[in-house]
Structure formats: C-alpha cells, structure tokens
file query23.pdb (PDB, C-alpha atoms)
ATOM      1  CA  MET A  26       5.722  23.275 -29.352
ATOM      2  CA  THR A  27       7.560  21.150 -26.822
ATOM      3  CA  ARG A  28       5.761  22.830 -23.925
ATOM      4  CA  ILE A  29       2.424  22.078 -25.599
ATOM      5  CA  ALA A  30       3.398  18.419 -25.907
ATOM      6  CA  GLU A  31       4.499  18.306 -22.271
ATOM      7  CA  LYS A  32       1.179  19.801 -21.185
ATOM      8  CA  PHE A  33      -0.686  17.299 -23.344
ATOM      9  CA  VAL A  34       1.100  14.333 -21.745
ATOM     10  CA  GLU A  35       0.465  15.641 -18.249
ATOM     11  CA  GLU A  36      -3.219  16.283 -18.909
ATOM     12  CA  PHE A  37      -3.773  13.033 -20.784
ATOM     13  CA  TYR A  38      -2.399  10.810 -18.017
ATOM     14  CA  ASN A  39      -3.730  12.930 -15.160
ATOM     15  CA  SER A  40      -7.277  12.910 -16.433
ATOM     16  CA  PHE A  41      -7.111   9.224 -17.420
ATOM     17  CA  THR A  42      -5.867   8.224 -13.967
ATOM     18  CA  SER A  43      -8.369  10.439 -12.195
ATOM     19  CA  GLU A  44     -11.294   9.069 -14.176
ATOM     20  CA  VAL A  45     -10.150   5.460 -13.808
ATOM     21  CA  LEU A  46     -10.040   5.799 -10.033
ATOM     22  CA  THR A  47     -13.511   7.309  -9.743
ATOM     23  CA  ALA A  48     -15.490   5.726 -12.581
ATOM     24  CA  ALA A  49     -18.152   3.110 -11.931
ATOM     25  CA  ASP A  50     -16.925   1.270 -15.018
ATOM     26  CA  PRO A  51     -13.210   1.701 -15.821
ATOM     27  CA  ALA A  52     -13.695  -0.082 -19.160
ATOM     28  CA  GLU A  53     -15.758   2.871 -20.324
ATOM     29  CA  VAL A  54     -12.871   5.195 -19.433
ATOM     30  CA  VAL A  55     -10.365   2.997 -21.250
ATOM     31  CA  ASP A  56     -12.518   3.074 -24.375
ATOM     32  CA  ARG A  57     -12.520   6.873 -24.375
ATOM     33  CA  TYR A  58      -8.744   7.137 -24.050
ATOM     34  CA  TYR A  59      -7.523   4.029 -25.880
ATOM     35  CA  ALA A  60      -8.408   2.792 -29.364
ATOM     36  CA  ALA A  61     -10.042  -0.640 -29.436
ATOM     37  CA  GLU A  62      -6.960  -2.192 -31.030
ATOM     38  CA  ALA A  63      -4.568  -0.442 -28.638
ATOM     39  CA  VAL A  64      -1.407  -2.227 -27.592
ATOM     40  CA  GLN A  65       0.876  -1.141 -24.791
ATOM     41  CA  ILE A  66       4.298  -2.664 -24.282
ATOM     42  CA  ALA A  67       5.933  -1.743 -20.996
ATOM     43  CA  ASP A  68       9.367  -3.170 -20.255
ATOM     44  CA  GLY A  69       8.733  -5.870 -22.841
ATOM     45  CA  ILE A  70       5.368  -6.948 -21.454
ATOM     46  CA  GLU A  71       2.549  -6.494 -23.944
ATOM     47  CA  ILE A  72      -1.016  -5.782 -22.872
ATOM     48  CA  ASP A  73      -4.118  -5.246 -24.971
ATOM     49  CA  ARG A  74      -7.417  -3.554 -24.070
ATOM     50  CA  ASP A  75      -8.710  -6.444 -21.948
ATOM     51  CA  LYS A  76      -5.466  -6.820 -20.027
ATOM     52  CA  LEU A  77      -5.327  -3.075 -19.492
ATOM     53  CA  ILE A  78      -8.817  -3.100 -17.997
ATOM     54  CA  ALA A  79      -7.878  -6.053 -15.774
ATOM     55  CA  HIS A  80      -4.763  -4.151 -14.699
ATOM     56  CA  LEU A  81      -6.906  -1.242 -13.509
ATOM     57  CA  ARG A  82      -8.558  -3.305 -10.767
ATOM     58  CA  PRO A  83      -5.425  -3.349  -8.564
ATOM     59  CA  VAL A  84      -4.597   0.213  -9.592
ATOM     60  CA  ARG A  85      -8.001   1.381  -8.325
ATOM     61  CA  LYS A  86      -7.442  -0.535  -5.112
ATOM     62  CA  ASN A  87      -3.891   0.490  -4.314
ATOM     63  CA  LEU A  88      -3.257   3.961  -5.703
ATOM     64  CA  VAL A  89      -4.014   6.705  -3.187
ATOM     65  CA  SER A  90      -2.512   9.749  -4.873
ATOM     66  CA  TRP A  91      -0.218  10.512  -7.778
ATOM     67  CA  ARG A  92       1.571  13.216  -9.717
ATOM     68  CA  TYR A  93       2.918  13.195 -13.274
ATOM     69  CA  GLU A  94       6.101  15.177 -13.707
ATOM     70  CA  VAL A  95       6.785  15.603 -17.419
ATOM     71  CA  HIS A  96      10.446  16.299 -18.143
ATOM     72  CA  GLU A  97      10.261  16.587 -21.921
ATOM     73  CA  ALA A  98       7.910  15.708 -24.747
ATOM     74  CA  VAL A  99       7.760  16.077 -28.499
ATOM     75  CA  ARG A 100       4.686  15.574 -30.628
ATOM     76  CA  GLU A 101       4.607  15.339 -34.421
ATOM     77  CA  GLN A 102       1.032  14.840 -35.608
ATOM     78  CA  GLU A 103       0.044  11.408 -34.258
ATOM     79  CA  GLN A 104       3.478  10.469 -32.923
ATOM     80  CA  LEU A 105       4.557  11.315 -29.402
ATOM     81  CA  ALA A 106       7.782  10.842 -27.469
ATOM     82  CA  ALA A 107       8.030  11.766 -23.820
ATOM     83  CA  ARG A 108      10.019  11.261 -20.676
ATOM     84  CA  PHE A 109       8.170  11.686 -17.406
ATOM     85  CA  THR A 110       8.099  10.500 -13.811
ATOM     86  CA  ILE A 111       5.069   9.099 -12.023
ATOM     87  CA  HIS A 112       5.139   9.891  -8.314
ATOM     88  CA  ALA A 113       2.667   7.703  -6.461
ATOM     89  CA  GLN A 114       1.544   6.912  -2.947
ATOM     90  CA  LEU A 115       0.077   3.485  -2.249
ATOM     91  CA  ARG A 116      -2.619   2.389   0.161
ATOM     92  CA  LYS A 117      -0.261   1.328   2.942
ATOM     93  CA  GLY A 118       2.036   4.304   2.630
ATOM     94  CA  ARG A 119       4.680   3.155   0.161
ATOM     95  CA  MET A 120       5.958   6.021  -2.022
ATOM     96  CA  LEU A 121       7.095   5.329  -5.564
ATOM     97  CA  SER A 122       8.717   7.334  -8.308
ATOM     98  CA  THR A 123       8.903   5.666 -11.703
ATOM     99  CA  GLU A 124      10.582   7.290 -14.681
ATOM    100  CA  VAL A 125       8.933   6.431 -18.000
ATOM    101  CA  HIS A 126      10.464   6.742 -21.473
ATOM    102  CA  LEU A 127       7.528   6.627 -23.866
ATOM    103  CA  PHE A 128       6.967   6.377 -27.593
ATOM    104  CA  ALA A 129       3.288   6.536 -28.513
ATOM    105  CA  GLU A 130       1.001   6.785 -31.475
ATOM    106  CA  PHE A 131      -2.517   8.215 -31.480
ATOM    107  CA  ALA A 132      -5.444   7.396 -33.726
ATOM    108  CA  PRO A 133      -6.973  10.253 -35.772
ATOM    109  CA  ASP A 134      -9.780  10.512 -33.183
ATOM    110  CA  GLY A 135      -7.227  11.332 -30.450
ATOM    111  CA  ARG A 136      -7.211   7.995 -28.661
ATOM    112  CA  LEU A 137      -3.982   6.220 -27.817
ATOM    113  CA  ARG A 138      -3.307   3.397 -30.262
ATOM    114  CA  ARG A 139       0.183   2.180 -29.395
ATOM    115  CA  ALA A 140       2.538   2.827 -26.510
ATOM    116  CA  THR A 141       6.012   1.424 -26.026
ATOM    117  CA  GLN A 142       7.734   2.328 -22.820
ATOM    118  CA  LEU A 143      10.719   1.581 -20.690
ATOM    119  CA  THR A 144      10.573   2.346 -17.001
ATOM    120  CA  ARG A 145      13.003   2.566 -14.125
ATOM    121  CA  ASP A 146      12.554   3.016 -10.417
ATOM    122  CA  VAL A 147      13.806   6.448  -9.328
ATOM    123  CA  THR A 148      12.199   6.476  -5.890
ATOM    124  CA  PRO A 149      14.261   8.838  -3.727
ATOM    125  CA  GLN A 150      15.414   8.028  -0.217
ATOM    126  CA  THR A 151      13.455  11.044   0.996
ATOM    127  CA  PRO A 152       9.784  10.706  -0.037
ATOM    128  CA  GLN A 153       8.440  13.236  -2.533
ATOM    129  CA  ASP A 154       5.300  15.256  -2.039
ATOM    130  CA  VAL A 155       2.437  13.609  -3.909
ATOM    131  CA  THR A 156      -0.406  16.046  -4.206
ATOM    132  CA  PRO A 157      -3.704  14.329  -5.076
ATOM    133  CA  GLN A 158      -4.961  15.246  -8.531
ATOM    134  CA  THR A 159      -8.410  16.409  -9.463
ATOM    135  CA  THR A 160     -10.584  15.144 -12.268
ATOM    136  CA  GLU A 161     -10.087  16.929 -15.567
ATOM    137  CA  ALA A 162     -11.871  16.679 -18.878
ATOM    138  CA  ALA A 163     -10.571  14.060 -21.299
ATOM    139  CA  PRO A 164      -8.343  15.585 -23.994
ATOM    140  CA  GLN A 165      -9.350  14.837 -27.561
TER     141      GLN A 165
ATOM    142  CA  MET B  13      14.208 -18.152   8.356
ATOM    143  CA  THR B  14      11.969 -19.596   5.653
ATOM    144  CA  SER B  15      11.532 -18.741   1.997
ATOM    145  CA  ARG B  16       8.522 -19.465  -0.183
ATOM    146  CA  GLU B  17       8.009 -19.049  -3.907
ATOM    147  CA  LEU B  18       4.618 -18.203  -5.427
ATOM    148  CA  ARG B  19       3.277 -17.616  -8.930
ATOM    149  CA  VAL B  20       1.078 -14.550  -9.148
ATOM    150  CA  LEU B  21      -1.196 -13.861 -12.121
ATOM    151  CA  GLY B  22      -1.895 -10.493 -13.697
ATOM    152  CA  MET B  23       1.191  -8.417 -12.891
ATOM    153  CA  THR B  24       2.083  -6.330 -15.953
ATOM    154  CA  CYS B  25       4.252  -3.444 -14.806
ATOM    155  CA  ALA B  26       6.518  -2.033 -12.127
ATOM    156  CA  HIS B  27       3.541  -0.676 -10.214
ATOM    157  CA  CYS B  28       2.047  -4.166 -10.010
ATOM    158  CA  VAL B  29       5.318  -5.336  -8.487
ATOM    159  CA  ASN B  30       5.065  -2.649  -5.841
ATOM    160  CA  PHE B  31       1.385  -3.345  -5.100
ATOM    161  CA  VAL B  32       2.185  -6.999  -4.358
ATOM    162  CA  THR B  33       5.416  -6.219  -2.525
ATOM    163  CA  GLU B  34       3.738  -3.679  -0.266
ATOM    164  CA  GLU B  35       1.029  -6.136   0.750
ATOM    165  CA  LEU B  36       3.366  -9.057   1.427
ATOM    166  CA  GLU B  37       5.983  -7.079   3.312
ATOM    167  CA  HIS B  38       3.317  -6.122   5.856
ATOM    168  CA  LEU B  39       2.730  -9.764   6.808
ATOM    169  CA  PRO B  40       4.033 -10.553  10.283
ATOM    170  CA  GLY B  41       7.555 -11.911  10.119
ATOM    171  CA  ALA B  42       8.163 -10.978   6.486
ATOM    172  CA  THR B  43      11.752  -9.876   5.986
ATOM    173  CA  ALA B  44      12.134  -9.677   2.194
ATOM    174  CA  VAL B  45       9.985  -9.809  -0.921
ATOM    175  CA  THR B  46      11.339 -10.132  -4.447
ATOM    176  CA  VAL B  47       9.295 -10.224  -7.647
ATOM    177  CA  ASP B  48      10.323 -11.415 -11.104
ATOM    178  CA  LEU B  49       7.827  -9.603 -13.308
ATOM    179  CA  PRO B  50       8.234 -11.563 -16.581
ATOM    180  CA  THR B  51       7.475 -14.888 -14.876
ATOM    181  CA  GLY B  52       5.172 -13.597 -12.123
ATOM    182  CA  THR B  53       7.331 -15.339  -9.547
ATOM    183  CA  VAL B  54       7.226 -13.877  -6.058
ATOM    184  CA  THR B  55       9.640 -14.967  -3.355
ATOM    185  CA  ILE B  56       8.907 -14.077   0.238
ATOM    186  CA  THR B  57      11.361 -14.627   3.040
ATOM    187  CA  SER B  58      10.189 -14.567   6.625
ATOM    188  CA  ASP B  59      11.389 -15.371  10.110
ATOM    189  CA  GLN B  60       8.194 -17.299  10.834
ATOM    190  CA  ASP B  61       6.229 -19.760   8.750
ATOM    191  CA  LEU B  62       3.625 -18.082   6.555
ATOM    192  CA  GLY B  63       0.805 -20.381   5.505
ATOM    193  CA  LEU B  64      -0.550 -20.520   1.996
ATOM    194  CA  PRO B  65      -4.005 -19.177   2.988
ATOM    195  CA  GLN B  66      -2.357 -16.140   4.564
ATOM    196  CA  LEU B  67      -0.225 -15.537   1.488
ATOM    197  CA  GLN B  68      -3.164 -16.039  -0.846
ATOM    198  CA  ALA B  69      -5.250 -13.566   1.142
ATOM    199  CA  ALA B  70      -2.473 -10.971   0.919
ATOM    200  CA  ILE B  71      -2.092 -11.460  -2.834
ATOM    201  CA  GLU B  72      -5.841 -11.090  -3.307
ATOM    202  CA  GLU B  73      -5.861  -8.045  -1.053
ATOM    203  CA  ALA B  74      -3.359  -6.462  -3.450
ATOM    204  CA  GLY B  75      -5.780  -7.175  -6.293
ATOM    205  CA  TYR B  76      -4.143 -10.229  -7.875
ATOM    206  CA  ASP B  77      -4.578 -13.999  -7.945
ATOM    207  CA  LEU B  78      -2.334 -16.909  -7.158
ATOM    208  CA  ALA B  79      -1.723 -19.392  -9.967
ATOM    209  CA  ASP B  80      -3.122 -22.881  -9.318
TER     210      ASP B  80
END
call {"tool": "encode", "arguments": {"input": "query23.pdb", "output": "structure tokens"}}
result
Amino acid sequence: MTRIAEKFVEEFYNSFTSEVLTAADPAEVVDRYYAAEAVQIADGIEIDRDKLIAHLRPVRKNLVSWRYEVHEAVREQEQLAARFTIHAQLRKGRMLSTEVHLFAEFAPDGRLRRATQLTRDVTPQTPQDVTPQTTEAAPQ
Amino acid sequence: MTSRELRVLGMTCAHCVNFVTEELEHLPGATAVTVDLPTGTVTITSDQDLGLPQLQAAIEEAGYDLAD
C-alpha cells in the first residue's frame, strides 16, 4: 500500500514536470493535473491555477534536469501524505536538493485539488547525480 | 563593497529563490545574494557597482520581473 503510494507520487510529479518542460502550452498540462479550483500552499505562500501557470515560465527556463526521490507516502482514497526530495540541476550548473513534506487532496477525477507543503533545503556539499527524466503518461 | 536591495515579482517557492540567486551571483563582482521570499526582497552585495539595467536584465533572464 505504502509502496503504491510512493510510486504514485514519483510518477505524478515526474510526468507533470516532464510534460511542463516540453509542452507548447503549459497551461494545458496544468489543467490535466490540477483541478480548476486547485490551491497550493508552499511554506505559507498560496498560489492558485493562474499563479501556478505563471510560476512555470521560470521553471521551464531554468530547470535542466531533475529527480524525485520519494522517502515515504501514504494514500487513503483522495488524501495523500508524502515526504520526498527534489534533486534538480539549474541552467548555470547550480545543484539543489529540496525536501518536501506534503499533504494533498485529489478530486474524484484524479486531479490535484489542494496541496500544503513545507520545504527545506537539503542540498549536500557533494552534488548528487541528477539523471534527466523521460516523459511518462499522466496518471489518472 | 556595495549593497543594493530590489523587489522581485513572482517568486513563490524555494526554487524561485534559487533561480534568481543563480542568475545574480553570476554577475561580475557579485559577492553575496540573499532573498526574502515572503516579501520578494532581494539583496545583492558586490565589490563593484552594478547598475539597475544590468540587475533588471539578470532578473528577467531568470524569468522574473522587477517591481516598479
């Protein structure tokens, strides 16, 4: 059960990120993964659909490669809790590792409706390997 | 050594902070960059004077905008 939830988190964010970086229109990708009324609160900063789409412009510009390392996840119907680390490499070489503590809720159609997360920088002194991801089908 | 404070629009997460920091720290003479995410305040310290057009270009290169 837990392993299934961990796999779900990894695939959800991997495929979302991959599609966002390659899509002609990232708004179309957001609308497949996020419910129209979706709200995401990260470290106390709240963003809605429009702000999320605006946020993707710099993401598309700066993110070169990434890897989601899911440490643990639990899913109970539409509720999800997970702890994972995003390893990322930026355009000019900076390497980042960000640990995310996530509580999320999904709509009945499988799209993310609410996400509340706390993050912390866990970038190691020695850079981690960040293997570029490939595009995967969107989970439903 | 000079220090300049800027207001940057659109930063919403820790990754935004790093996108802006990475761009600014590559400016010639930049020695430190700090970002206060809730207020969008960016402080850049440098050992040579960095003009506003240069800073604005770097912010825009990172994918963000300077506040008026």
call {"tool": "closest_atom_pairs", "arguments": {"input": "query23.pdb", "of": "chain B", "to": "chain A", "cutoff": "10 Å", "atoms": "all atoms listed in the file", "output": "Markdown table"}}
result
| residue | atom | partner | partner_atom | distance |
| --- | --- | --- | --- | --- |
| B:Gly22 | CA | A:His80 | CA | 7.0 |
| B:Met23 | CA | A:His80 | CA | 7.5 |
| B:Thr24 | CA | A:Ile70 | CA | 6.4 |
| B:Cys25 | CA | A:Ala67 | CA | 6.6 |
| B:Ala26 | CA | A:Thr144 | CA | 7.7 |
| B:His27 | CA | A:Val84 | CA | 8.2 |
| B:Cys28 | CA | A:Pro83 | CA | 7.7 |
| B:Asn30 | CA | A:Leu121 | CA | 8.2 |
| B:Phe31 | CA | A:Asn87 | CA | 6.6 |
| B:Val32 | CA | A:Pro83 | CA | 9.4 |
| B:Thr33 | CA | A:Arg119 | CA | 9.8 |
| B:Glu34 | CA | A:Arg119 | CA | 6.9 |
| B:Glu35 | CA | A:Lys117 | CA | 7.9 |
| B:His38 | CA | A:Lys117 | CA | 8.8 |
| B:Leu49 | CA | A:Ile70 | CA | 8.9 |
| B:Pro50 | CA | A:Ile70 | CA | 7.3 |
| B:Glu72 | CA | A:Pro83 | CA | 9.4 |
| B:Glu73 | CA | A:Lys86 | CA | 8.7 |
| B:Ala74 | CA | A:Pro83 | CA | 6.3 |
| B:Gly75 | CA | A:Pro83 | CA | 4.5 |
| B:Tyr76 | CA | A:Pro83 | CA | 7.0 |
call {"tool": "atom_distance", "arguments": {"input": "query23.pdb", "atom1": "CA of Trp91 (chain A)", "atom2": "CA of Thr42 (chain A)"}}
result
8.7 Å
call {"tool": "axis_aligned_box", "arguments": {"input": "query23.pdb", "around": "region 109-116 of chain A", "padding_each_side": "6 Å", "output": "AutoDock Vina command-line options"}}
result
--center_x 2.8 --center_y 7.0 --center_z -8.6 --size_x 22.8 --size_y 21.3 --size_z 29.6
call {"tool": "closest_residue", "arguments": {"input": "query23.pdb", "among": "A:Gln65, A:Gln102, A:Thr27, A:Ser40", "to": "Ile78 (chain A)", "atoms": "all atoms listed in the file"}}
result
A:Gln65
call {"tool": "resolve_selection", "arguments": {"input": "query23.pdb", "expression": "the PyMOL selection byres ((chain A and resi 133-139) around 9)", "output": "compact mmCIF listing (two decimals) with C-alpha atoms, in the frame of the given file"}}
result
# COMPACT_ATOMS: atom_id res chain seq x y z
CA ASP A 56 -12.52 3.07 -24.38
CA ARG A 57 -12.52 6.87 -24.38
CA TYR A 58 -8.74 7.14 -24.05
CA TYR A 59 -7.52 4.03 -25.88
CA ALA A 60 -8.41 2.79 -29.36
CA ALA A 61 -10.04 -0.64 -29.44
CA GLU A 62 -6.96 -2.19 -31.03
CA ALA A 63 -4.57 -0.44 -28.64
CA VAL A 64 -1.41 -2.23 -27.59
CA GLN A 65 0.88 -1.14 -24.79
CA ILE A 66 4.30 -2.66 -24.28
CA GLU A 103 0.04 11.41 -34.26
CA PHE A 128 6.97 6.38 -27.59
CA ALA A 129 3.29 6.54 -28.51
CA GLU A 130 1.00 6.78 -31.48
CA PHE A 131 -2.52 8.22 -31.48
CA ALA A 132 -5.44 7.40 -33.73
CA ALA A 140 2.54 2.83 -26.51
CA THR A 141 6.01 1.42 -26.03
CA PRO A 164 -8.34 15.58 -23.99
CA GLN A 165 -9.35 14.84 -27.56
call {"tool": "atom_distance", "arguments": {"input": "query23.pdb", "atom1": "CA of Glu53 (chain A)", "atom2": "CA of Asp73 (chain A)"}}
result
14.9 Å
call {"tool": "residues_near_point", "arguments": {"input": "query23.pdb", "point": "(-3.1, -16.6, -7.3)", "cutoff": "7 Å", "atoms": "all atoms listed in the file", "output": "ChimeraX atom specification"}}
result
/B:19-21,68,71,76-80
call {"tool": "atom_distance", "arguments": {"input": "query23.pdb", "atom1": "CA of Ala30 (chain A)", "atom2": "CA of Ala48 (chain A)"}}
result
26.4 Å
call {"tool": "resolve_selection", "arguments": {"input": "query23.pdb", "expression": "the PyMOL selection byres ((chain B and resi 40) around 10)", "output": "PyMOL selection string"}}
result
chain B and resi 36-39+41-43+58-62
call {"tool": "resolve_selection", "arguments": {"input": "query23.pdb", "expression": "the PyMOL selection byres ((chain B and resi 45) around 6)", "output": "ChimeraX atom specification"}}
result
/B:44,46,55-56
call {"tool": "residues_around", "arguments": {"input": "query23.pdb", "residues": "Glu124 (chain A)", "least_positions_apart": "5", "cutoff": "9 Å", "atoms": "all atoms listed in the file", "output": "VMD selection string"}}
result
chain A and resid 108 to 112 143 to 148
call {"tool": "build_atoms", "arguments": {"input": "query23.pdb", "residues": "region 27-54 of chain B", "atoms": "N, CA and C atoms", "output": "PDB file, keeping the file's coordinate frame"}}
result
ATOM      1  N   HIS B  27       4.478  -1.019 -11.285  1.00  0.00           N
ATOM      2  CA  HIS B  27       3.541  -0.676 -10.214  1.00  0.00           C
ATOM      3  C   HIS B  27       2.889  -1.929  -9.629  1.00  0.00           C
ATOM      4  N   CYS B  28       2.599  -2.893 -10.502  1.00  0.00           N
ATOM      5  CA  CYS B  28       2.047  -4.166 -10.010  1.00  0.00           C
ATOM      6  C   CYS B  28       3.025  -4.796  -9.012  1.00  0.00           C
ATOM      7  N   VAL B  29       4.290  -4.775  -9.362  1.00  0.00           N
ATOM      8  CA  VAL B  29       5.318  -5.336  -8.487  1.00  0.00           C
ATOM      9  C   VAL B  29       5.253  -4.672  -7.111  1.00  0.00           C
ATOM     10  N   ASN B  30       5.104  -3.372  -7.116  1.00  0.00           N
ATOM     11  CA  ASN B  30       5.065  -2.649  -5.841  1.00  0.00           C
ATOM     12  C   ASN B  30       3.771  -2.899  -5.072  1.00  0.00           C
ATOM     13  N   PHE B  31       2.651  -3.054  -5.791  1.00  0.00           N
ATOM     14  CA  PHE B  31       1.385  -3.345  -5.100  1.00  0.00           C
ATOM     15  C   PHE B  31       1.500  -4.664  -4.324  1.00  0.00           C
ATOM     16  N   VAL B  32       2.049  -5.678  -4.991  1.00  0.00           N
ATOM     17  CA  VAL B  32       2.185  -6.999  -4.358  1.00  0.00           C
ATOM     18  C   VAL B  32       3.233  -6.955  -3.241  1.00  0.00           C
ATOM     19  N   THR B  33       4.339  -6.297  -3.522  1.00  0.00           N
ATOM     20  CA  THR B  33       5.416  -6.219  -2.525  1.00  0.00           C
ATOM     21  C   THR B  33       4.931  -5.527  -1.261  1.00  0.00           C
ATOM     22  N   GLU B  34       4.212  -4.432  -1.439  1.00  0.00           N
ATOM     23  CA  GLU B  34       3.738  -3.679  -0.266  1.00  0.00           C
ATOM     24  C   GLU B  34       2.839  -4.536   0.610  1.00  0.00           C
ATOM     25  N   GLU B  35       1.957  -5.314  -0.026  1.00  0.00           N
ATOM     26  CA  GLU B  35       1.029  -6.136   0.750  1.00  0.00           C
ATOM     27  C   GLU B  35       1.764  -7.242   1.500  1.00  0.00           C
ATOM     28  N   LEU B  36       2.672  -7.919   0.807  1.00  0.00           N
ATOM     29  CA  LEU B  36       3.366  -9.057   1.427  1.00  0.00           C
ATOM     30  C   LEU B  36       4.341  -8.617   2.520  1.00  0.00           C
ATOM     31  N   GLU B  37       4.983  -7.488   2.321  1.00  0.00           N
ATOM     32  CA  GLU B  37       5.983  -7.079   3.312  1.00  0.00           C
ATOM     33  C   GLU B  37       5.340  -6.629   4.627  1.00  0.00           C
ATOM     34  N   HIS B  38       4.016  -6.464   4.613  1.00  0.00           N
ATOM     35  CA  HIS B  38       3.317  -6.122   5.856  1.00  0.00           C
ATOM     36  C   HIS B  38       2.864  -7.363   6.633  1.00  0.00           C
ATOM     37  N   LEU B  39       3.076  -8.553   6.067  1.00  0.00           N
ATOM     38  CA  LEU B  39       2.730  -9.764   6.808  1.00  0.00           C
ATOM     39  C   LEU B  39       3.676  -9.917   7.994  1.00  0.00           C
ATOM     40  N   PRO B  40       3.164 -10.410   9.106  1.00  0.00           N
ATOM     41  CA  PRO B  40       4.033 -10.553  10.283  1.00  0.00           C
ATOM     42  C   PRO B  40       5.178 -11.517  10.025  1.00  0.00           C
ATOM     43  N   GLY B  41       6.376 -11.066  10.292  1.00  0.00           N
ATOM     44  CA  GLY B  41       7.555 -11.911  10.119  1.00  0.00           C
ATOM     45  C   GLY B  41       8.218 -11.784   8.771  1.00  0.00           C
ATOM     46  N   ALA B  42       7.569 -11.112   7.814  1.00  0.00           N
ATOM     47  CA  ALA B  42       8.163 -10.978   6.486  1.00  0.00           C
ATOM     48  C   ALA B  42       9.421 -10.128   6.567  1.00  0.00           C
ATOM     49  N   THR B  43      10.488 -10.613   5.942  1.00  0.00           N
ATOM     50  CA  THR B  43      11.752  -9.876   5.986  1.00  0.00           C
ATOM     51  C   THR B  43      12.214  -9.418   4.601  1.00  0.00           C
ATOM     52  N   ALA B  44      11.748 -10.080   3.556  1.00  0.00           N
ATOM     53  CA  ALA B  44      12.134  -9.677   2.194  1.00  0.00           C
ATOM     54  C   ALA B  44      11.125 -10.210   1.188  1.00  0.00           C
ATOM     55  N   VAL B  45      10.870  -9.386   0.170  1.00  0.00           N
ATOM     56  CA  VAL B  45       9.985  -9.809  -0.921  1.00  0.00           C
ATOM     57  C   VAL B  45      10.677  -9.445  -2.230  1.00  0.00           C
ATOM     58  N   THR B  46      10.789 -10.420  -3.115  1.00  0.00           N
ATOM     59  CA  THR B  46      11.339 -10.132  -4.447  1.00  0.00           C
ATOM     60  C   THR B  46      10.341 -10.637  -5.495  1.00  0.00           C
ATOM     61  N   VAL B  47      10.245  -9.884  -6.590  1.00  0.00           N
ATOM     62  CA  VAL B  47       9.295 -10.224  -7.647  1.00  0.00           C
ATOM     63  C   VAL B  47      10.024 -10.254  -8.984  1.00  0.00           C
ATOM     64  N   ASP B  48       9.827 -11.337  -9.727  1.00  0.00           N
ATOM     65  CA  ASP B  48      10.323 -11.415 -11.104  1.00  0.00           C
ATOM     66  C   ASP B  48       9.117 -11.186 -12.013  1.00  0.00           C
ATOM     67  N   LEU B  49       9.030  -9.991 -12.563  1.00  0.00           N
ATOM     68  CA  LEU B  49       7.827  -9.603 -13.308  1.00  0.00           C
ATOM     69  C   LEU B  49       7.558 -10.483 -14.531  1.00  0.00           C
ATOM     70  N   PRO B  50       8.541 -10.783 -15.377  1.00  0.00           N
ATOM     71  CA  PRO B  50       8.234 -11.563 -16.581  1.00  0.00           C
ATOM     72  C   PRO B  50       7.605 -12.924 -16.286  1.00  0.00           C
ATOM     73  N   THR B  51       8.011 -13.558 -15.194  1.00  0.00           N
ATOM     74  CA  THR B  51       7.475 -14.888 -14.876  1.00  0.00           C
ATOM     75  C   THR B  51       6.361 -14.836 -13.837  1.00  0.00           C
ATOM     76  N   GLY B  52       6.175 -13.699 -13.186  1.00  0.00           N
ATOM     77  CA  GLY B  52       5.172 -13.597 -12.123  1.00  0.00           C
ATOM     78  C   GLY B  52       5.579 -14.316 -10.857  1.00  0.00           C
ATOM     79  N   THR B  53       6.855 -14.594 -10.718  1.00  0.00           N
ATOM     80  CA  THR B  53       7.331 -15.339  -9.547  1.00  0.00           C
ATOM     81  C   THR B  53       7.635 -14.388  -8.389  1.00  0.00           C
ATOM     82  N   VAL B  54       7.026 -14.686  -7.259  1.00  0.00           N
ATOM     83  CA  VAL B  54       7.226 -13.877  -6.058  1.00  0.00           C
ATOM     84  C   VAL B  54       7.893 -14.747  -5.000  1.00  0.00           C
TER      85      VAL B  54
END
